[in-house]
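J.: Below is the file start34.txt, with compact mmCIF, C-alpha atoms.
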```txt
# COMPACT_ATOMS: atom_id res chain seq x y z
CA MET A 1 -22.34 -35.86 -66.67
CA THR A 2 -22.09 -37.25 -63.13
CA GLU A 3 -19.51 -35.50 -60.98
CA SER A 4 -16.88 -37.65 -59.26
CA VAL A 5 -15.66 -37.16 -55.69
CA TYR A 6 -12.52 -38.37 -53.89
CA VAL A 7 -12.58 -38.35 -50.07
CA ILE A 8 -9.94 -37.33 -47.55
CA GLN A 9 -10.97 -39.00 -44.28
CA PRO A 10 -9.27 -37.69 -41.12
CA VAL A 11 -9.07 -40.32 -38.37
CA PHE A 12 -9.44 -39.13 -34.76
CA GLY A 13 -10.95 -42.18 -33.13
CA GLU A 14 -13.15 -45.20 -33.61
CA ASN A 15 -15.89 -43.39 -35.53
CA ALA A 16 -13.84 -42.83 -38.72
CA ARG A 17 -15.39 -45.85 -40.46
CA VAL A 18 -18.93 -44.67 -39.76
CA LEU A 19 -18.11 -41.12 -40.87
CA HIS A 20 -16.59 -42.47 -44.07
CA GLU A 21 -19.67 -44.59 -44.80
CA GLU A 22 -21.80 -41.49 -44.24
CA ALA A 23 -19.58 -39.52 -46.61
CA VAL A 24 -20.15 -42.10 -49.35
CA ALA A 25 -23.90 -41.96 -48.72
CA LEU A 26 -23.84 -38.15 -48.78
CA ILE A 27 -21.96 -38.15 -52.09
CA GLN A 28 -24.51 -40.51 -53.61
CA SER A 29 -27.39 -38.47 -52.17
CA ALA A 30 -25.94 -35.41 -53.91
CA GLY A 31 -26.05 -37.29 -57.22
CA ALA A 32 -22.28 -37.72 -57.52
CA GLU A 33 -19.99 -40.74 -57.88
CA TYR A 34 -17.65 -41.91 -55.12
CA LEU A 35 -14.13 -42.64 -56.45
CA GLY A 36 -12.17 -43.67 -53.36
CA ALA A 37 -10.62 -42.35 -50.17
CA THR A 38 -7.41 -41.72 -48.28
CA PHE A 39 -7.49 -42.20 -44.48
CA GLN A 40 -5.12 -40.14 -42.36
CA ASN A 41 -4.51 -40.53 -38.63
CA ILE A 42 -4.54 -37.10 -37.01
CA ARG A 43 -2.21 -36.58 -34.07
CA GLU A 44 -1.83 -32.86 -34.56
CA ILE A 45 -3.88 -30.51 -36.71
CA HIS A 46 -1.75 -28.41 -39.07
CA PRO A 47 -3.16 -24.86 -38.96
CA ALA A 48 -2.55 -24.21 -42.66
CA THR A 49 -3.72 -27.49 -44.23
CA PHE A 50 -5.18 -29.61 -41.40
CA ILE A 51 -3.13 -32.62 -42.56
CA GLY A 52 0.61 -32.67 -43.27
CA GLU A 53 2.33 -31.68 -46.51
CA GLY A 54 3.64 -35.21 -47.04
CA LYS A 55 0.16 -36.71 -47.01
CA LEU A 56 -1.13 -33.96 -49.30
CA ALA A 57 1.67 -34.74 -51.77
CA GLU A 58 0.68 -38.42 -51.62
CA ILE A 59 -2.96 -37.55 -52.30
CA ALA A 60 -1.97 -35.25 -55.15
CA GLU A 61 -0.11 -38.17 -56.73
CA ILE A 62 -3.22 -40.36 -56.45
CA LEU A 63 -5.40 -37.63 -57.93
CA SER A 64 -3.05 -37.17 -60.89
CA THR A 65 -4.45 -40.43 -62.28
CA PHE A 66 -7.97 -38.95 -62.31
CA ASP A 67 -9.57 -36.29 -64.46
CA GLU A 68 -8.87 -32.72 -63.29
CA THR A 69 -12.60 -32.13 -62.73
CA VAL A 70 -12.69 -34.57 -59.79
CA THR A 71 -13.85 -32.87 -56.59
CA VAL A 72 -12.06 -33.53 -53.30
CA LEU A 73 -14.24 -33.90 -50.20
CA PHE A 74 -12.53 -33.35 -46.86
CA ASN A 75 -14.83 -35.26 -44.51
CA GLY A 76 -14.62 -32.75 -41.68
CA GLU A 77 -14.90 -29.00 -41.31
CA LEU A 78 -12.23 -26.74 -42.78
CA SER A 79 -11.48 -23.09 -42.23
CA PRO A 80 -11.55 -20.82 -45.30
CA SER A 81 -7.74 -20.67 -45.47
CA GLN A 82 -7.38 -24.43 -45.05
CA THR A 83 -9.76 -25.02 -47.96
CA LEU A 84 -7.73 -22.70 -50.19
CA ASN A 85 -4.37 -24.15 -49.12
CA ILE A 86 -5.46 -27.76 -49.65
CA SER A 87 -6.84 -26.84 -53.07
CA LYS A 88 -3.49 -25.27 -54.02
CA ALA A 89 -1.54 -28.31 -52.76
CA LEU A 90 -3.72 -30.61 -54.85
CA GLY A 91 -3.16 -28.80 -58.12
CA ASP A 92 -5.93 -26.25 -57.77
CA ARG A 93 -8.64 -28.89 -57.63
CA LYS A 94 -12.02 -28.02 -56.20
CA VAL A 95 -12.05 -28.83 -52.46
CA ILE A 96 -15.20 -28.91 -50.34
CA ASP A 97 -15.75 -29.96 -46.74
CA ARG A 98 -18.50 -31.99 -45.09
CA THR A 99 -20.64 -28.95 -44.28
CA THR A 100 -20.55 -27.72 -47.88
CA LEU A 101 -21.70 -31.12 -49.12
CA ILE A 102 -24.55 -31.29 -46.60
CA LEU A 103 -25.67 -27.79 -47.59
CA ASP A 104 -25.59 -28.90 -51.21
CA ILE A 105 -27.96 -31.78 -50.43
CA PHE A 106 -30.19 -29.48 -48.39
CA ALA A 107 -30.46 -27.16 -51.39
CA LEU A 108 -31.32 -30.14 -53.57
CA ARG A 109 -34.03 -31.44 -51.22
CA ALA A 110 -35.74 -28.25 -49.99
CA GLU A 111 -39.16 -27.80 -51.59
CA SER A 112 -41.17 -25.58 -49.25
CA SER A 113 -40.58 -21.84 -49.12
CA GLU A 114 -39.42 -22.17 -45.51
CA GLY A 115 -36.99 -24.95 -46.36
CA LYS A 116 -35.49 -22.92 -49.20
CA ILE A 117 -35.13 -19.86 -46.96
CA GLN A 118 -33.38 -21.91 -44.27
CA VAL A 119 -30.99 -23.47 -46.78
CA GLU A 120 -30.16 -20.14 -48.39
CA LEU A 121 -29.56 -18.53 -44.99
CA ALA A 122 -27.31 -21.39 -43.85
CA GLN A 123 -25.30 -21.22 -47.07
CA TYR A 124 -24.81 -17.46 -46.88
CA LYS A 125 -23.74 -17.63 -43.23
CA TYR A 126 -21.32 -20.45 -43.96
CA LEU A 127 -19.83 -18.98 -47.13
CA TYR A 128 -19.67 -15.33 -46.06
CA PRO A 129 -16.42 -15.63 -44.04
CA ARG A 130 -14.91 -17.58 -46.93
CA LEU A 131 -15.07 -14.55 -49.23
CA ARG A 132 -11.73 -13.25 -48.02
CA GLY A 133 -9.02 -13.97 -50.53
CA LYS A 134 -11.59 -15.22 -53.02
CA GLY A 135 -10.03 -14.35 -56.37
CA SER A 136 -9.47 -17.34 -58.62
CA ALA A 137 -9.95 -19.81 -55.78
CA LEU A 138 -13.68 -19.18 -55.49
CA SER A 139 -14.17 -18.91 -59.23
CA ARG A 140 -12.97 -22.51 -59.48
CA LEU A 141 -15.92 -23.52 -57.29
CA GLY A 142 -18.54 -22.46 -59.82
CA GLY A 143 -20.80 -25.30 -60.93
CA GLY A 144 -21.26 -28.86 -59.73
CA ILE A 145 -21.49 -30.46 -56.32
CA GLY A 146 -21.21 -28.11 -53.37
CA THR A 147 -22.44 -25.04 -55.24
CA ARG A 148 -26.22 -25.37 -55.31
CA GLY A 149 -28.22 -22.59 -53.69
CA PRO A 150 -27.09 -18.96 -53.84
CA GLY A 151 -24.01 -19.78 -55.93
CA GLU A 152 -20.51 -18.33 -55.82
CA SER A 153 -21.10 -15.75 -58.54
CA LYS A 154 -23.66 -14.02 -56.29
CA LEU A 155 -21.43 -14.32 -53.25
CA GLU A 156 -18.60 -12.48 -54.96
CA THR A 157 -20.67 -9.44 -55.87
CA ASP A 158 -21.08 -7.41 -52.71
CA ARG A 159 -20.46 -8.22 -49.05
CA ARG A 160 -22.92 -5.56 -47.95
CA HIS A 161 -25.59 -7.06 -50.19
CA ILE A 162 -24.97 -10.45 -48.55
CA ARG A 163 -25.30 -9.02 -45.04
CA ALA A 164 -28.58 -7.38 -46.06
CA ARG A 165 -29.80 -10.63 -47.56
CA ILE A 166 -28.95 -12.55 -44.38
CA HIS A 167 -30.91 -10.00 -42.34
CA ALA A 168 -33.92 -10.24 -44.69
CA LEU A 169 -33.91 -14.06 -44.56
CA GLU A 170 -33.71 -14.03 -40.76
CA GLN A 171 -36.73 -11.72 -40.62
CA LYS A 172 -38.70 -14.06 -42.91
CA LEU A 173 -37.90 -17.02 -40.69
CA GLU A 174 -38.92 -15.08 -37.59
CA GLU A 175 -42.30 -14.37 -39.19
CA ILE A 176 -42.73 -18.05 -40.12
CA SER A 177 -41.75 -19.01 -36.58
CA ARG A 178 -44.38 -16.65 -35.13
CA ARG A 179 -47.06 -18.20 -37.35
CA ARG A 180 -46.00 -21.70 -36.29
CA THR A 181 -46.13 -20.68 -32.62
CA LEU A 182 -49.70 -19.41 -33.06
CA LEU A 183 -50.63 -22.69 -34.75
CA ALA A 184 -49.07 -24.66 -31.88
CA VAL A 185 -51.06 -22.60 -29.34
CA ARG A 186 -54.26 -23.32 -31.25
CA ARG A 187 -53.50 -27.03 -31.29
CA LYS A 188 -52.92 -27.01 -27.54
CA LYS A 189 -56.28 -25.29 -27.05
CA GLU A 190 -57.88 -28.00 -29.18
CA ARG A 191 -55.88 -30.57 -27.17
CA VAL A 192 -54.60 -32.38 -30.25
CA LYS A 193 -51.60 -34.38 -29.04
CA THR A 194 -48.51 -33.94 -31.20
CA ILE A 195 -46.10 -36.81 -31.76
CA ALA A 196 -42.79 -35.97 -33.43
CA LEU A 197 -40.69 -38.40 -35.45
CA VAL A 198 -37.05 -37.54 -34.79
CA GLY A 199 -33.79 -39.32 -35.34
CA TYR A 200 -30.92 -40.02 -37.65
CA THR A 201 -31.40 -39.43 -41.35
CA ASN A 202 -32.46 -42.43 -43.44
CA THR A 203 -33.76 -44.52 -40.52
CA GLY A 204 -37.25 -44.80 -42.03
CA LYS A 205 -39.12 -41.92 -40.37
CA SER A 206 -41.10 -41.06 -43.51
CA THR A 207 -41.90 -44.74 -44.12
CA LEU A 208 -43.18 -44.95 -40.54
CA GLU A 209 -45.30 -41.82 -41.05
CA ASN A 210 -46.86 -43.42 -44.12
CA ALA A 211 -47.46 -46.69 -42.26
CA LEU A 212 -49.18 -45.02 -39.30
CA THR A 213 -51.24 -42.46 -41.20
CA GLY A 214 -51.83 -44.03 -44.59
CA ALA A 215 -50.25 -40.97 -46.19
CA ASP A 216 -48.03 -40.92 -49.26
CA VAL A 217 -45.01 -38.94 -48.04
CA PHE A 218 -41.97 -39.12 -50.35
CA VAL A 219 -39.65 -41.97 -49.39
CA LYS A 220 -36.18 -42.66 -50.76
CA ASP A 221 -33.18 -44.65 -49.55
CA ALA A 222 -30.93 -41.60 -49.31
CA LEU A 223 -29.65 -39.22 -46.66
CA PHE A 224 -31.89 -36.18 -46.11
CA ALA A 225 -34.40 -37.50 -48.68
CA THR A 226 -37.09 -35.41 -46.96
CA LEU A 227 -35.90 -32.05 -45.69
CA ASP A 228 -39.20 -30.24 -45.19
CA PRO A 229 -41.35 -31.25 -42.20
CA THR A 230 -44.66 -32.98 -42.88
CA SER A 231 -47.61 -33.56 -40.56
CA ARG A 232 -50.49 -36.02 -40.77
CA VAL A 233 -53.33 -37.04 -38.45
CA PHE A 234 -53.84 -40.62 -37.29
CA GLU A 235 -55.92 -42.28 -34.60
CA ILE A 236 -55.26 -44.45 -31.56
CA GLU A 237 -58.27 -45.81 -29.66
CA GLY A 238 -60.46 -43.54 -31.78
CA LEU A 239 -58.63 -40.37 -30.68
CA PRO A 240 -56.77 -38.11 -33.13
CA PHE A 241 -53.01 -37.50 -32.89
CA LEU A 242 -50.88 -35.26 -35.07
CA LEU A 243 -47.74 -37.00 -36.35
CA VAL A 244 -44.91 -34.68 -37.45
CA ASP A 245 -41.85 -35.83 -39.39
CA THR A 246 -38.73 -33.66 -39.04
CA VAL A 247 -35.37 -33.24 -40.74
CA GLY A 248 -32.96 -36.06 -39.92
CA PHE A 249 -29.79 -35.70 -37.88
CA LEU A 250 -26.27 -36.82 -38.74
CA GLN A 251 -23.14 -37.50 -36.71
CA ASP A 252 -21.02 -34.36 -36.33
CA LEU A 253 -23.73 -32.25 -37.95
CA PRO A 254 -22.33 -28.72 -37.51
CA HIS A 255 -24.12 -26.78 -34.79
CA HIS A 256 -24.78 -23.78 -37.03
CA LEU A 257 -26.70 -26.06 -39.43
CA ILE A 258 -28.87 -27.27 -36.57
CA GLU A 259 -29.46 -23.66 -35.54
CA ALA A 260 -30.45 -22.81 -39.12
CA PHE A 261 -33.20 -25.43 -38.99
CA LYS A 262 -34.29 -24.70 -35.44
CA SER A 263 -37.61 -23.23 -36.57
CA THR A 264 -38.37 -26.45 -38.45
CA LEU A 265 -37.44 -28.49 -35.38
CA GLU A 266 -39.79 -26.48 -33.14
CA SER A 267 -42.49 -29.06 -33.89
CA ALA A 268 -40.27 -31.67 -32.23
CA LEU A 269 -39.26 -29.42 -29.33
CA ASN A 270 -42.89 -28.59 -28.52
CA CYS A 271 -44.32 -32.09 -29.01
CA ASP A 272 -46.19 -34.11 -26.38
CA LEU A 273 -44.16 -37.21 -27.24
CA ALA A 274 -41.13 -37.87 -29.46
CA LEU A 275 -40.45 -41.13 -31.26
CA ILE A 276 -36.69 -41.48 -31.66
CA VAL A 277 -36.41 -43.72 -34.72
CA CYS A 278 -33.22 -45.79 -35.12
CA ASP A 279 -32.11 -48.29 -37.75
CA ALA A 280 -32.03 -51.63 -35.91
CA SER A 281 -29.77 -53.08 -38.59
CA GLY A 282 -27.23 -50.26 -38.33
CA GLU A 283 -25.27 -48.29 -35.72
CA TYR A 284 -28.38 -47.74 -33.62
CA ARG A 285 -26.55 -46.78 -30.39
CA MET A 286 -24.65 -44.01 -32.17
CA GLN A 287 -27.86 -42.88 -33.91
CA MET A 288 -29.73 -42.66 -30.61
CA GLU A 289 -26.88 -40.86 -28.82
CA THR A 290 -26.50 -38.36 -31.69
CA THR A 291 -30.23 -37.64 -31.69
CA LEU A 292 -30.53 -37.22 -27.92
CA SER A 293 -27.43 -35.02 -27.80
CA THR A 294 -28.74 -32.78 -30.57
CA LEU A 295 -32.18 -32.49 -28.98
CA LYS A 296 -30.63 -31.70 -25.61
CA ASP A 297 -28.59 -28.89 -27.16
CA LEU A 298 -31.86 -27.44 -28.49
CA GLY A 299 -33.56 -27.56 -25.07
CA PHE A 300 -35.76 -30.62 -25.67
CA ASP A 301 -37.45 -31.95 -22.51
CA SER A 302 -40.51 -33.90 -23.72
CA PRO A 303 -41.03 -37.63 -23.03
CA TYR A 304 -39.83 -40.00 -25.74
CA LEU A 305 -39.89 -43.61 -26.91
CA VAL A 306 -36.98 -45.28 -28.68
CA VAL A 307 -38.26 -47.07 -31.79
CA MET A 308 -36.07 -49.69 -33.45
CA ASN A 309 -37.13 -49.70 -37.10
CA LYS A 310 -36.08 -52.20 -39.81
CA CYS A 311 -36.16 -55.09 -37.32
CA ASP A 312 -36.93 -57.38 -40.24
CA ARG A 313 -33.24 -56.90 -41.13
CA ALA A 314 -31.99 -57.49 -37.58
CA GLU A 315 -33.78 -60.64 -36.43
CA ASN A 316 -30.94 -61.88 -34.21
CA VAL A 317 -30.16 -58.56 -32.52
CA ARG A 318 -31.25 -58.13 -28.89
CA PHE A 319 -32.44 -54.74 -27.68
CA PRO A 320 -33.39 -53.40 -24.23
CA LYS A 321 -37.01 -54.31 -23.52
CA GLU A 322 -38.05 -50.66 -23.26
CA TYR A 323 -37.27 -50.17 -26.96
CA VAL A 324 -40.18 -50.71 -29.36
CA ARG A 325 -39.30 -53.13 -32.18
CA ILE A 326 -41.02 -52.46 -35.52
CA SER A 327 -40.69 -52.69 -39.26
CA ALA A 328 -42.38 -49.72 -40.91
CA LYS A 329 -41.98 -51.46 -44.26
CA THR A 330 -43.85 -54.64 -43.26
CA HIS A 331 -46.01 -52.94 -40.56
CA ALA A 332 -44.76 -55.43 -37.96
CA GLY A 333 -44.98 -54.08 -34.41
CA LEU A 334 -47.15 -51.04 -35.25
CA ASP A 335 -49.98 -52.14 -32.96
CA GLU A 336 -47.50 -52.45 -30.09
CA LEU A 337 -46.10 -49.01 -30.94
CA LYS A 338 -49.58 -47.48 -30.80
CA ARG A 339 -50.20 -49.21 -27.46
CA ARG A 340 -46.95 -47.83 -26.06
CA ILE A 341 -47.75 -44.33 -27.32
CA PHE A 342 -51.14 -44.41 -25.64
CA GLU A 343 -49.65 -45.93 -22.47
CA THR A 344 -47.05 -43.16 -22.28
CA LEU A 345 -49.73 -40.47 -22.63
CA LYS A 346 -52.35 -42.25 -20.50
CA ASP A 347 -52.34 -39.53 -17.84
CA GLU A 348 -53.73 -37.19 -20.49
CA PHE A 349 -56.87 -39.32 -20.90
CA VAL A 350 -59.70 -40.72 -18.77
CA GLU A 351 -61.21 -44.11 -19.55
CA THR A 352 -64.67 -44.47 -18.05
CA THR A 353 -68.27 -45.57 -18.65
CA LEU A 354 -71.05 -43.05 -19.20
CA PHE A 355 -74.79 -43.49 -19.03
CA VAL A 356 -76.79 -41.22 -21.32
CA PRO A 357 -80.60 -41.24 -20.81
CA TYR A 358 -82.53 -41.07 -24.07
CA PRO A 359 -83.99 -37.60 -23.30
CA GLN A 360 -80.38 -36.27 -23.00
CA MET A 361 -79.05 -37.78 -26.25
CA ALA A 362 -79.09 -34.41 -28.04
CA GLU A 363 -77.16 -32.80 -25.18
CA TYR A 364 -74.59 -35.64 -25.31
CA GLY A 365 -74.37 -35.41 -29.10
CA ALA A 366 -73.28 -31.75 -28.85
CA VAL A 367 -70.07 -32.75 -27.06
CA ARG A 368 -69.63 -36.26 -28.46
CA ASN A 369 -66.82 -35.18 -30.80
CA LEU A 370 -64.60 -34.50 -27.76
CA LEU A 371 -64.26 -38.18 -26.87
CA ALA A 372 -63.81 -41.62 -28.40
CA GLU A 373 -66.48 -44.28 -27.92
CA ARG A 374 -65.21 -47.82 -27.42
CA THR A 375 -68.46 -49.73 -26.92
CA VAL A 376 -72.16 -48.79 -26.79
CA ARG A 377 -74.89 -50.88 -25.10
CA TYR A 378 -78.52 -49.77 -25.30
CA THR A 379 -80.87 -50.36 -22.36
CA ASP A 380 -84.52 -49.57 -21.71
CA ASP A 381 -83.63 -46.17 -20.22
CA GLY A 382 -80.60 -45.02 -22.26
CA ALA A 383 -77.16 -45.90 -23.60
CA GLU A 384 -74.28 -47.26 -21.57
CA ILE A 385 -71.07 -46.11 -23.33
CA GLU A 386 -67.45 -47.00 -22.63
CA VAL A 387 -65.37 -43.98 -23.62
CA THR A 388 -61.90 -42.43 -23.62
CA ILE A 389 -61.93 -38.70 -22.87
CA PRO A 390 -59.04 -36.21 -22.99
CA ALA A 391 -58.55 -35.27 -19.34
CA ILE A 392 -59.16 -31.59 -20.02
CA TYR A 393 -62.72 -32.38 -21.18
CA ALA A 394 -63.60 -34.89 -18.46
CA ALA A 395 -65.57 -32.33 -16.40
CA ARG A 396 -68.00 -31.80 -19.28
CA PHE A 397 -69.20 -35.39 -18.98
CA LYS A 398 -69.63 -35.59 -15.20
CA ARG A 399 -73.42 -35.41 -15.52
CA PHE A 400 -73.32 -38.62 -17.55
CA ALA A 401 -71.05 -40.50 -15.16
CA GLN A 402 -72.57 -43.68 -13.81
CA LYS A 403 -73.72 -43.38 -10.23
```
Please, can you express the file's structure as structure tokens?

T.:
Amino acid sequence: MTESVYVIQPVFGENARVLHEEAVALIQSAGAEYLGATFQNIREIHPATFIGEGKLAEIAEILSTFDETVTVLFNGELSPSQTLNISKALGDRKVIDRTTLILDIFALRAESSEGKIQVELAQYKYLYPRLRGKGSALSRLGGGIGTRGPGESKLETDRRHIRARIHALEQKLEEISRRRTLLAVRRKKERVKTIALVGYTNTGKSTLENALTGADVFVKDALFATLDPTSRVFEIEGLPFLLVDTVGFLQDLPHHLIEAFKSTLESALNCDLALIVCDASGEYRMQMETTLSTLKDLGFDSPYLVVMNKCDRAENVRFPKEYVRISAKTHAGLDELKRRIFETLKDEFVETTLFVPYPQMAEYGAVRNLLAERTVRYTDDGAEIEVTIPAIYAARFKRFAQK
């Protein structure tokens, strides 16, 4: 049976509509049904219930026409006491906030061991302070949307056990992070350039990864459809690049959730170039600002290109010329994207012409895998080869440089 969700949408400014649309998408991504919403302008936050008693009574009246199993989503972040008080005011209905719903989707999507560890850790850290005054209130939360992962029955057992579990999970993530750091060091030694796909959730990052690499990464029109990072190799001008897809961002994504997935995002923070993917047919300015703000908070300082995806749905929209227009679905603009990637990283490569005498072909063949050959022309004395060489290897080919 599909669970149904009714939304309470607080209104602080102009972004309420976008946040509400995201809430609907989050509900659907969690496999639940959206029933409707009440919008409430917030002039002053009530410490006990966030919104006023009069509005809660009005919402309770609306909910009385629905089945008692309907879940109420407060599309913001609530304190533990506010969650309990709102639940009581609404006839002891199950009340979750935006963070709880996002964690629920994370638990649903995580497939790798690292992803599952990060989700479990984030859930424990978020739910631990909400154990005070649990009693019947938390028992009502058992089952359904907002309770995937460790589950409330475990959380009620022993606070000391939970603290120990949090510590153990943090140690596991530290070990994974150390292994990833060693892998990143090895890649730098091999001079494989890393390009990270970052951006808002559901902007087509996985579709773009498939289009560039010919891979078959899972794609779905849903928020956080792919939670675990994936990496694939593709070539530009005959040179290999590692393309890494990361977890998507969301407006007002709680900072502690970002921190929980920081180890996953290390691939983006340590990349040679980031592609910030936006939905050209949507709120692309907000998507770009959210992504850049989140990356900045994490200490990101790599170069980046802004990629406007889904341009086949936004034919009449004008973008700044520095943005790269593409459609990952139809492959339109991918050649231009590759050109811009290579142009941005051009200082890392040397384009030149080598002359390899026939007696030195074996010597050249031993280091040939370090470069990309563009054209080869054979003469009476040897081969004249136009090549692209990673700058770090250029010195190895000086003996073949044309005089």

J.: Which residue gives the smallest distance to Gly299 in chain A among A:Ile42, A:Val198, A:Ala391, A:Leu269, with only C-alpha atoms counted?

T.: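 Closest to Gly299 in chain A, using only C-alpha atoms: A:Leu269.
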
J.: Work out how far apart CA of Gly76 in chain A and CA of Gln28 in chain A are and give it in Å to one decimal.

T.: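 Atom-to-atom, CA of Gly76 in chain A to CA of Gln28 in chain A, that is 17.3 Å.
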
J.: Could you tell me how far CA of Val387 in chain A sits from CA of Thr375 in chain A, in Å to one decimal place?

T.: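 These two atoms are separated by 7.3 Å.
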
J.: Skipping near chain neighbours, those fewer than 3 positions away, what residues fall within 12 Å of range 321-330 of chain A using all atoms listed in the file, listed as a PyMOL selection string?

T.: chain A and resi 203-214+219+275-281+284-285+288+304-315+317-318+333-341+344

J.: Considering only C-alpha atoms, can you say which of A:Ala89, A:Met361, A:Thr83, A:Ser302 comes closest to Leu56 in chain A?

T.: A:Ala89

J.: Do a neighbour search on Leu250 in chain A at 10 Å with all atoms listed in the file, toss out local chain neighbours closer than 4 positions, and write the hits as a PyMOL selection string.

T.: chain A and resi 19+22+102+199-202+223-224+254+286-287+290-291+294

J.: Which residue, A:Gln402, A:Gln40, A:Thr194, A:Asn270, has the smallest gap to Gly54 in chain A when you use only C-alpha atoms?

T.: A:Gln40

J.: Quote the spacing between CA of Asp97 in chain A and CA of Leu173 in chain A in Å to one decimal place.

T.: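 Calculated distance between CA of Asp97 in chain A and CA of Leu173 in chain A is 26.4 Å.
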
J.: Do a neighbour search on Ile258 in chain A at 9 Å with all atoms listed in the file, toss out local chain neighbours closer than 5 positions, and write the hits as a PyMOL selection string.

T.: chain A and resi 249+253+265+294+298

J.: Given all atoms listed in the file as the basis, pick out the residue of A:Ser112, A:Thr230, A:Gln118, A:Thr246 nearest to Ile166 in chain A.

T.: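 Once distances to Ile166 in chain A are computed over all atoms listed in the file, the minimum belongs to A:Gln118.
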
J.: Could you name the residues that touch Ala372 in chain A at 8 Å or less, counting only C-alpha atoms, but leaving out those on the same chain fewer than 2 positions away, as JSON, numbers by chain?

T.: {"A": [237, 238, 239, 368, 369, 370, 374, 387, 388, 389]}
